[in-house]
Amino acid sequence: MPRSCPWALSDADERAILQAREKTNYGPLQLQYLTGRHRSTIYKVLARHGKSRQRRSERPASSRRYEWAEAGALLHIDAFELPKFDRPGHWAHGDRSERHRTRNAGKVKVIGVIDDHTRLVYCEIHSAENADTVSATLRRAAAWMREQGCGPAQAVMSDNALCYARSAAFKAALAELGARHILIPPRTPRWNGKIERFFRTLDTEWAHGRVWPSSTRRDRALSSFIRYYNRRRPHTAAGGRAPITRVQQVREQHRPPRRRRWTRPAAAGCATASAASPGWPAGAAGR
């Protein structure tokens with residue numbers, strides 16, 4: 001190994017590269033215009049000093065977790081897009097050389113509504129996410145939530161898509177339900193994180209949970225998965241229980257206590273049918 005290199009950078013030149021990296025967090029390609037050195041040279045200097053990986057940008061301050069106390073009071077609505085296909089593609093079998101490929105078959109939209117408190121979810125498959133489909137889905141979802149035991153909807157949260165933010169049909173649906181509209185701030189999908197997290201579960205456990213022979217078979221299985229999700233699948237927010245249990249828990253808390261019915265005991269010497277009633281041993285009449 002040579003003791004010296006005529007074209008080696010001086011300590012001052014390397015320090016200039018490191019300082020430029022520290023201030024800008026640029027890569028070697030952008031740093032070559034600031035330092036006047038070739039990007040391969042800059043990369044070697046960064047690797048020599050353990051600075052080859054760019055510094056991650058600081059995450060913005062995360063908002064606090066929230067959960068409305070009443071079941072059905074706050075509903076989150078959004079859509080999830082999936083492709084159509086008539087046979088499994090390379091995702092399933094890994095063969096990209098197959099001649100038959102499903103191209104331009106179209107897409108479907110899974111419009112989902114989830115309750116903020118219980119995590120009960122309602123989904124429908126449509127060909128597009130527009131004002132008519134999201135408004136109809138919201139009406140049916142609110143009615144279905146009431147059938148499960150949830151209270152009336154007080155607010156609906158959505159992103160800033162035109163079918164939500166500027167749709168007269170969606171505003172009419174909100175007025176019909178008597179709910180106010182909550183639009184999340186731009187570039188803050190975490191506000192609507194409950195429905196976003198559900199779509200991730202939907203993708204991993206339903207859409208890509210198995211190899212479907214066609215998108216039609218996949219779409220038919222959505223109702224079964226939603227039923228399993230609401231009634232069987234354990235959920236972290238529900239303490240490891242299914243979301244439907246939180247609805248039943250709220251209903252039990254607000255149900256008035258049941259009054260036990262009092263029955264008069266049979267008179268002595270009279271054998272009546274009350275002897276066979278629940279709570280009385282056989283042959284107890286007349287004692």
# chains A, B, ... in the order shown; residues from 1 in each chain; ligands from 1
call {"tool": "residues_around", "arguments": {"residues": "region 141-151 of chain A", "least_positions_apart": "5", "cutoff": "9 Å", "atoms": "only C-alpha atoms", "output": "list of chain:residue names"}}
result
A:Glu70, A:Ala71, A:Gly72, A:Ala73, A:Leu75, A:Gly112, A:Val113, A:Ile114, A:Asp115, A:Thr118, A:Leu120, A:Val121, A:Tyr122, A:Cys123, A:Ala136, A:Leu177, A:Ile244, A:Val247, A:Gln248, A:Val250, A:Arg251
call {"tool": "residues_around", "arguments": {"residues": "Ser223 (chain A)", "least_positions_apart": "6", "cutoff": "12 Å", "atoms": "only C-alpha atoms", "output": "PyMOL selection string"}}
result
chain A and resi 110+121-125+202+206+217+229-230
call {"tool": "residues_around", "arguments": {"residues": "Lys23 (chain A)", "least_positions_apart": "6", "cutoff": "12 Å", "atoms": "only C-alpha atoms", "output": "ChimeraX atom specification"}}
result
/A:16-17,31,34,54-55
call {"tool": "write_last_selection", "arguments": {"atoms": "C-alpha atoms", "output": "PDB file, in the first residue's frame"}}
result
ATOM      1  CA  ALA A  16     -15.676  20.939   2.914  1.00  0.00           C
ATOM      2  CA  ILE A  17     -17.483  17.936   1.448  1.00  0.00           C
ATOM      3  CA  LEU A  31     -22.898  17.769  -3.959  1.00  0.00           C
ATOM      4  CA  LEU A  34     -21.411  22.595  -4.595  1.00  0.00           C
ATOM      5  CA  GLN A  54     -28.389  10.248   3.853  1.00  0.00           C
ATOM      6  CA  ARG A  55     -29.871  11.572   7.037  1.00  0.00           C
TER       7      ARG A  55
END
call {"tool": "closest_residue", "arguments": {"among": "A:Ala173, A:Ile42, A:Ala207, A:Ile182", "to": "Val108 (chain A)", "atoms": "only C-alpha atoms"}}
result
A:Ala207
call {"tool": "select_by_dssp", "arguments": {"residues": "region 152-225 of chain A", "states": "alpha helix (DSSP H)", "output": "count of residues only"}}
result
34
call {"tool": "select_by_dssp", "arguments": {"residues": "region 83-262 of chain A", "states": "strand (DSSP E or B)", "output": "PyMOL selection string"}}
result
chain A and resi 83+107-115+121-126+155-158+180-183+235+241
call {"tool": "atom_distance", "arguments": {"atom1": "CA of Thr137 (chain A)", "atom2": "CA of Arg65 (chain A)"}}
result
26.7 Å
call {"tool": "residues_around", "arguments": {"residues": "Lys171 (chain A)", "least_positions_apart": "2", "cutoff": "12 Å", "atoms": "only C-alpha atoms", "output": "ChimeraX atom specification"}}
result
/A:131-132,134-136,138-139,155-156,162-169,173-182
call {"tool": "residues_around", "arguments": {"residues": "Ser214 (chain A)", "least_positions_apart": "2", "cutoff": "9 Å", "atoms": "only C-alpha atoms", "output": "list in words"}}
result
Lys84, Phe85, Asp86, Arg87, Pro88, Val211, Trp212, Thr216, Arg217, Arg218 and Asp219 of chain A
call {"tool": "write_last_selection", "arguments": {"atoms": "N, CA and C atoms", "output": "mmCIF file, in the first residue's frame"}}
result
data_model
loop_
_atom_site.group_PDB
_atom_site.id
_atom_site.type_symbol
_atom_site.label_atom_id
_atom_site.label_comp_id
_atom_site.auth_asym_id
_atom_site.auth_seq_id
_atom_site.Cartn_x
_atom_site.Cartn_y
_atom_site.Cartn_z
ATOM 1 N N LYS A 84 -58.681 -5.258 -11.988
ATOM 2 C CA LYS A 84 -59.422 -6.426 -12.451
ATOM 3 C C LYS A 84 -58.478 -7.369 -13.188
ATOM 4 N N PHE A 85 -58.789 -8.674 -13.159
ATOM 5 C CA PHE A 85 -58.006 -9.653 -13.906
ATOM 6 C C PHE A 85 -58.850 -10.900 -14.098
ATOM 7 N N ASP A 86 -58.572 -11.623 -15.180
ATOM 8 C CA ASP A 86 -59.309 -12.849 -15.470
ATOM 9 C C ASP A 86 -58.526 -14.110 -15.166
ATOM 10 N N ARG A 87 -57.241 -13.955 -14.813
ATOM 11 C CA ARG A 87 -56.432 -15.086 -14.363
ATOM 12 C C ARG A 87 -55.262 -14.536 -13.558
ATOM 13 N N PRO A 88 -54.678 -15.324 -12.651
ATOM 14 C CA PRO A 88 -53.578 -14.818 -11.819
ATOM 15 C C PRO A 88 -52.393 -14.381 -12.656
ATOM 16 N N VAL A 211 -54.254 -16.628 -3.588
ATOM 17 C CA VAL A 211 -54.216 -16.497 -5.035
ATOM 18 C C VAL A 211 -55.636 -16.699 -5.561
ATOM 19 N N TRP A 212 -56.244 -15.636 -6.049
ATOM 20 C CA TRP A 212 -57.602 -15.706 -6.572
ATOM 21 C C TRP A 212 -57.563 -16.098 -8.045
ATOM 22 N N THR A 216 -63.297 -11.504 -10.209
ATOM 23 C CA THR A 216 -64.709 -11.720 -9.869
ATOM 24 C C THR A 216 -64.853 -12.586 -8.630
ATOM 25 N N ARG A 217 -64.064 -13.657 -8.549
ATOM 26 C CA ARG A 217 -64.082 -14.502 -7.349
ATOM 27 C C ARG A 217 -63.600 -13.721 -6.132
ATOM 28 N N ARG A 218 -62.609 -12.879 -6.334
ATOM 29 C CA ARG A 218 -62.105 -12.058 -5.234
ATOM 30 C C ARG A 218 -63.176 -11.109 -4.722
ATOM 31 N N ASP A 219 -63.881 -10.450 -5.635
ATOM 32 C CA ASP A 219 -64.889 -9.477 -5.230
ATOM 33 C C ASP A 219 -66.063 -10.154 -4.521
#
call {"tool": "residues_around", "arguments": {"residues": "Gly193 (chain A)", "least_positions_apart": "6", "cutoff": "12 Å", "atoms": "only C-alpha atoms", "output": "list in words"}}
result
Ser62, Ser63, Arg64, Arg65, Tyr66, Glu67, Leu75, His76, Ile77, Asp78, Ile114, Asp115, Asp116, Arg119, Met157, Ser158, Asp159, Ile184, Phe199 and Arg200 of chain A
call {"tool": "write_last_selection", "arguments": {"atoms": "N, CA and C atoms", "output": "short mmCIF file (atom, residue, chain, number, x, y, z; two decimals), in the first residue's frame"}}
result
data_model
loop_
_atom_site.label_atom_id
_atom_site.label_comp_id
_atom_site.auth_asym_id
_atom_site.auth_seq_id
_atom_site.Cartn_x
_atom_site.Cartn_y
_atom_site.Cartn_z
N SER A 62 -46.35 14.14 15.56
CA SER A 62 -47.57 13.36 15.34
C SER A 62 -48.68 13.86 16.25
N SER A 63 -49.88 13.81 15.71
CA SER A 63 -51.02 14.23 16.50
C SER A 63 -51.38 13.15 17.52
N ARG A 64 -52.07 13.57 18.53
CA ARG A 64 -52.47 12.63 19.56
C ARG A 64 -53.58 11.72 19.07
N ARG A 65 -53.60 10.51 19.60
CA ARG A 65 -54.64 9.57 19.24
C ARG A 65 -55.98 10.04 19.81
N TYR A 66 -57.03 9.78 19.09
CA TYR A 66 -58.36 10.19 19.53
C TYR A 66 -59.34 9.07 19.24
N GLU A 67 -60.42 9.08 19.97
CA GLU A 67 -61.50 8.11 19.76
C GLU A 67 -62.78 8.68 20.35
N LEU A 75 -67.97 8.69 11.63
CA LEU A 75 -67.73 7.72 10.58
C LEU A 75 -66.61 8.23 9.68
N HIS A 76 -65.69 7.34 9.32
CA HIS A 76 -64.61 7.66 8.37
C HIS A 76 -64.96 6.99 7.04
N ILE A 77 -64.79 7.73 5.95
CA ILE A 77 -65.09 7.20 4.62
C ILE A 77 -63.92 7.46 3.68
N ASP A 78 -63.63 6.46 2.86
CA ASP A 78 -62.55 6.57 1.87
C ASP A 78 -62.72 5.42 0.88
N ILE A 114 -65.98 3.24 8.21
CA ILE A 114 -65.63 2.60 9.48
C ILE A 114 -66.04 3.50 10.64
N ASP A 115 -66.53 2.89 11.69
CA ASP A 115 -66.93 3.63 12.88
C ASP A 115 -65.71 3.91 13.75
N ASP A 116 -65.62 5.13 14.24
CA ASP A 116 -64.43 5.54 14.99
C ASP A 116 -64.32 4.82 16.32
N ARG A 119 -64.90 0.39 15.47
CA ARG A 119 -64.15 -0.14 14.32
C ARG A 119 -65.01 -1.05 13.46
N MET A 157 -65.93 11.99 8.49
CA MET A 157 -64.60 12.49 8.15
C MET A 157 -64.16 11.88 6.83
N SER A 158 -63.59 12.74 5.97
CA SER A 158 -63.11 12.28 4.66
C SER A 158 -61.92 13.12 4.26
N ASP A 159 -61.28 12.72 3.15
CA ASP A 159 -60.20 13.53 2.60
C ASP A 159 -60.78 14.63 1.72
N ILE A 184 -60.17 16.53 6.39
CA ILE A 184 -58.84 16.49 6.99
C ILE A 184 -57.97 17.55 6.32
N PHE A 199 -57.78 -0.44 5.25
CA PHE A 199 -57.49 -0.78 3.86
C PHE A 199 -56.20 -1.57 3.74
N ARG A 200 -55.25 -1.29 4.61
CA ARG A 200 -54.03 -2.10 4.61
C ARG A 200 -54.34 -3.54 5.01
#
